[in-house]
2 protein chains.
Amino acid sequence: MYSILHRVVIEASNEAVFNAIKTEEGITAWWSKAKIQDDRLTLAFGESGEHEAHFNIKQCQANKNIVWQCVAGPWQETGEFEFNISEDERGTCLHFAHHGWLAADDFYQHCNCKWAFFLASSLKAYLETGLGLPHPNDPNI
Amino acid sequence: MYSILHRVVIEASNEAVFNAIKTEEGITAWWSKAKIQDDRLTLAFGESGEHEAHFNIKQCQANKNIVWQCVAGPWQETGEFEFNISEDERGTCLHFAHHGWLAADDFYQHCNCKWAFFLASSLKAYLETGLGLPHPNDPNI
């Protein structure tokens, strides 16, 4: 099994990082149009939001940890998305893992690159400047 | 052993992608200040270029493949950087691998994020628009 793994330091509080990953407004500001109902997250993407991915919010520990399980959509096979939040002298350290890849294939490598953009360029900019770069601002790789 | 693996499609010719990775001018435009002498590449980085990394250019096959071996600097332990260039209907597909990591530790995760930026945001922009985002334009993660 392979995992996509990223570490990003963000000059914002643990709480601000947590809220950006927990709320519809936050996720929409740095990833893509999000809808949360109870413990389900739905993400719309594609040129006009015509594709969807559905996640169960499996774990959610305030200012510390969020885990989503993809139950339908492009990552249904690969599964688990984990965000871990910890203190850093510059603010917050975010560790991200997308687990469950059977191979480090082209789709893994594509998603690895995309996750780096959404975390290090978009989420970071959203929290530090107020302006993220959500889909479709991501590079068309 | 772990590898950092990225796949990026760039709207440019195989030759243009190869030259951007082969020449001082190219590397300086998307990564950091580069100097090439014979089969040695030296890269300067840090706030005022005070740090260096030294590589042997181990393999260089026109428009297809470049391999660097880090012989001194932060990646001396982790070693081998491989670029593979192939055709894509939108231009060129670039597969990048940074091999030789003993663990997927914090430094691996940091470099994984940085490589995505330099390839998908900086190298791609340099080749598609003429303007890259070399160090120190990379996000301070």
# chains A, B, ... in the order shown; residues from 1 in each chain; ligands from 1

$ residues_around --residues "Asp88 of chain B" --least-positions-apart "6" --cutoff "9 Å" --atoms "only C-alpha atoms" --output "JSON, numbers by chain"
{"B": [9, 10, 11]}

$ select_by_dssp --residues "chain A" --states "strand (DSSP E)" --output "MDAnalysis selection string"
chainID A and resid 2:10 33:37 40:45 51:61 65:72 80:88 91:101

$ closest_residue --among "B:Leu133, B:Leu5, B:Ala62, B:Ile21" --to "chain A" --atoms "only C-alpha atoms"
B:Leu5

$ interface_residues --of "chain B" --to "chain A" --cutoff "10 Å" --atoms "only C-alpha atoms" --output "PyMOL selection string"
chain B and resi 2-11+90+93-97+104-117+119-121+124-125+138-141

$ write_last_selection --atoms "N, CA, C and O atoms" --output "short mmCIF file (atom, residue, chain, number, x, y, z; two decimals), in the first residue's frame"
data_model
loop_
_atom_site.label_atom_id
_atom_site.label_comp_id
_atom_site.auth_asym_id
_atom_site.auth_seq_id
_atom_site.Cartn_x
_atom_site.Cartn_y
_atom_site.Cartn_z
N TYR B 2 11.56 4.77 0.14
CA TYR B 2 10.42 5.53 -0.35
C TYR B 2 10.89 6.44 -1.49
O TYR B 2 12.06 6.81 -1.55
N SER B 3 9.95 6.78 -2.36
CA SER B 3 10.25 7.72 -3.45
C SER B 3 9.21 8.83 -3.47
O SER B 3 8.04 8.59 -3.15
N ILE B 4 9.64 10.02 -3.84
CA ILE B 4 8.71 11.11 -4.14
C ILE B 4 8.39 10.98 -5.62
O ILE B 4 9.31 10.91 -6.45
N LEU B 5 7.11 10.94 -5.96
CA LEU B 5 6.71 10.67 -7.35
C LEU B 5 5.66 11.68 -7.80
O LEU B 5 4.62 11.84 -7.14
N HIS B 6 5.92 12.34 -8.92
CA HIS B 6 4.96 13.29 -9.48
C HIS B 6 4.81 13.09 -10.98
O HIS B 6 5.77 12.70 -11.66
N ARG B 7 3.62 13.38 -11.46
CA ARG B 7 3.34 13.34 -12.90
C ARG B 7 2.67 14.66 -13.27
O ARG B 7 1.66 15.05 -12.66
N VAL B 8 3.24 15.33 -14.27
CA VAL B 8 2.73 16.64 -14.67
C VAL B 8 2.63 16.69 -16.19
O VAL B 8 3.59 16.30 -16.88
N VAL B 9 1.51 17.16 -16.72
CA VAL B 9 1.39 17.39 -18.16
C VAL B 9 1.65 18.87 -18.43
O VAL B 9 1.09 19.74 -17.76
N ILE B 10 2.52 19.11 -19.39
CA ILE B 10 2.93 20.48 -19.72
C ILE B 10 2.64 20.73 -21.20
O ILE B 10 2.99 19.91 -22.06
N GLU B 11 2.02 21.87 -21.48
CA GLU B 11 1.70 22.20 -22.88
C GLU B 11 2.92 22.82 -23.54
O GLU B 11 2.99 24.04 -23.75
N ARG B 90 -1.69 16.57 -24.92
CA ARG B 90 -1.66 18.01 -24.67
C ARG B 90 -0.23 18.58 -24.76
O ARG B 90 -0.04 19.77 -24.50
N CYS B 93 4.36 14.75 -21.19
CA CYS B 93 4.14 14.22 -19.86
C CYS B 93 5.50 14.08 -19.17
O CYS B 93 6.41 13.46 -19.72
N LEU B 94 5.61 14.67 -18.00
CA LEU B 94 6.86 14.58 -17.24
C LEU B 94 6.62 13.74 -15.98
O LEU B 94 5.74 14.08 -15.17
N HIS B 95 7.36 12.65 -15.88
CA HIS B 95 7.36 11.87 -14.64
C HIS B 95 8.63 12.21 -13.87
O HIS B 95 9.73 12.15 -14.43
N PHE B 96 8.45 12.56 -12.60
CA PHE B 96 9.59 12.91 -11.75
C PHE B 96 9.66 11.93 -10.59
O PHE B 96 8.63 11.58 -9.99
N ALA B 97 10.87 11.50 -10.27
CA ALA B 97 11.06 10.64 -9.09
C ALA B 97 12.29 11.09 -8.31
O ALA B 97 13.33 11.39 -8.90
N ALA B 104 9.48 7.92 5.13
CA ALA B 104 8.60 9.00 4.64
C ALA B 104 8.40 10.00 5.78
O ALA B 104 7.30 10.23 6.26
N ASP B 105 9.52 10.58 6.23
CA ASP B 105 9.53 11.44 7.42
C ASP B 105 9.15 12.89 7.07
O ASP B 105 8.73 13.18 5.95
N ASP B 106 9.30 13.79 8.05
CA ASP B 106 8.91 15.18 7.82
C ASP B 106 9.66 15.81 6.65
O ASP B 106 9.08 16.57 5.88
N PHE B 107 10.95 15.50 6.52
CA PHE B 107 11.73 16.11 5.43
C PHE B 107 11.26 15.56 4.08
O PHE B 107 11.16 16.32 3.09
N TYR B 108 10.96 14.27 4.01
CA TYR B 108 10.35 13.68 2.80
C TYR B 108 9.06 14.42 2.45
O TYR B 108 8.83 14.81 1.30
N GLN B 109 8.20 14.62 3.45
CA GLN B 109 6.89 15.22 3.21
C GLN B 109 7.02 16.69 2.79
O GLN B 109 6.26 17.19 1.95
N HIS B 110 7.99 17.38 3.37
CA HIS B 110 8.28 18.77 3.01
C HIS B 110 8.77 18.82 1.55
O HIS B 110 8.26 19.61 0.74
N CYS B 111 9.73 17.97 1.21
CA CYS B 111 10.28 17.96 -0.15
C CYS B 111 9.23 17.52 -1.17
O CYS B 111 9.19 18.01 -2.30
N ASN B 112 8.36 16.59 -0.78
CA ASN B 112 7.30 16.14 -1.66
C ASN B 112 6.42 17.33 -2.08
O ASN B 112 6.11 17.53 -3.25
N CYS B 113 6.05 18.14 -1.10
CA CYS B 113 5.23 19.33 -1.34
C CYS B 113 5.98 20.34 -2.21
O CYS B 113 5.42 20.91 -3.14
N LYS B 114 7.25 20.56 -1.91
CA LYS B 114 8.06 21.54 -2.66
C LYS B 114 8.23 21.10 -4.12
O LYS B 114 8.15 21.92 -5.03
N TRP B 115 8.50 19.81 -4.34
CA TRP B 115 8.68 19.34 -5.72
C TRP B 115 7.42 19.56 -6.54
O TRP B 115 7.48 19.92 -7.72
N ALA B 116 6.27 19.32 -5.93
CA ALA B 116 5.01 19.56 -6.65
C ALA B 116 4.92 21.02 -7.08
O ALA B 116 4.54 21.32 -8.21
N PHE B 117 5.31 21.92 -6.19
CA PHE B 117 5.27 23.34 -6.54
C PHE B 117 6.21 23.64 -7.69
O PHE B 117 5.83 24.28 -8.68
N LEU B 119 7.42 21.76 -9.98
CA LEU B 119 7.06 21.12 -11.24
C LEU B 119 5.72 21.62 -11.79
O LEU B 119 5.63 22.05 -12.93
N ALA B 120 4.68 21.55 -10.95
CA ALA B 120 3.31 21.82 -11.45
C ALA B 120 3.00 23.31 -11.51
O ALA B 120 2.17 23.73 -12.31
N SER B 121 3.64 24.10 -10.65
CA SER B 121 3.37 25.54 -10.67
C SER B 121 4.49 26.31 -11.39
O SER B 121 4.23 27.13 -12.25
N LYS B 124 5.97 24.35 -15.10
CA LYS B 124 4.82 24.40 -16.04
C LYS B 124 4.55 25.84 -16.49
O LYS B 124 4.39 26.10 -17.68
N ALA B 125 4.54 26.77 -15.54
CA ALA B 125 4.28 28.18 -15.88
C ALA B 125 5.42 28.73 -16.75
O ALA B 125 5.18 29.48 -17.71
N ASP B 138 8.77 30.05 -3.93
CA ASP B 138 8.07 28.86 -3.43
C ASP B 138 7.45 29.13 -2.07
O ASP B 138 7.98 29.92 -1.27
N PRO B 139 6.30 28.50 -1.78
CA PRO B 139 5.65 28.78 -0.49
C PRO B 139 6.53 28.37 0.67
O PRO B 139 7.19 27.34 0.64
N ASN B 140 6.56 29.21 1.69
CA ASN B 140 7.41 29.00 2.86
C ASN B 140 6.71 28.03 3.81
O ASN B 140 6.17 28.41 4.85
N ILE B 141 6.75 26.75 3.45
CA ILE B 141 6.05 25.73 4.24
C ILE B 141 6.97 25.11 5.28
O ILE B 141 6.59 24.22 5.99
#

$ closest_residue --among "A:Ala29, A:Ala44, A:Met1, A:Val17" --to "Gly79 of chain A" --atoms "only C-alpha atoms"
A:Met1

$ closest_residue --among "A:Ile85, A:Ala72, A:Ile27, A:Ala34" --to "Gly49 of chain A" --atoms "only C-alpha atoms"
A:Ala34

$ residues_around --residues "Val71 of chain A" --least-positions-apart "4" --cutoff "12 Å" --atoms "only C-alpha atoms" --output "VMD selection string"
chain A and resid 40 to 43 52 to 58 75 to 81

$ atom_distance --atom1 "atom CA of Ser86 of chain A" --atom2 "atom CA of Phe45 of chain B"
27.8 Å

$ atom_distance --atom1 "atom CA of Pro134 of chain A" --atom2 "atom CA of Glu47 of chain A"
12.5 Å

$ residues_around --residues "Asn63 of chain A" --least-positions-apart "3" --cutoff "7 Å" --atoms "only C-alpha atoms" --output "list of chain:residue names"
A:Asn14, A:Glu15, A:Phe18, A:Ile85

$ write_last_selection --atoms "N, CA and C atoms" --output "short mmCIF file (atom, residue, chain, number, x, y, z; two decimals), in the first residue's frame"
data_model
loop_
_atom_site.label_atom_id
_atom_site.label_comp_id
_atom_site.auth_asym_id
_atom_site.auth_seq_id
_atom_site.Cartn_x
_atom_site.Cartn_y
_atom_site.Cartn_z
N ASN A 14 -4.12 26.83 15.28
CA ASN A 14 -4.64 25.45 15.14
C ASN A 14 -6.14 25.49 14.84
N GLU A 15 -6.83 26.38 15.51
CA GLU A 15 -8.29 26.47 15.36
C GLU A 15 -8.68 26.93 13.95
N PHE A 18 -8.10 24.04 11.60
CA PHE A 18 -9.16 23.04 11.82
C PHE A 18 -10.48 23.48 11.16
N ILE A 85 -3.26 18.06 12.95
CA ILE A 85 -2.89 19.44 13.25
C ILE A 85 -2.05 19.46 14.52
#

$ atom_distance --atom1 "atom CA of Asp38 of chain B" --atom2 "atom CA of Gly26 of chain B"
16.3 Å
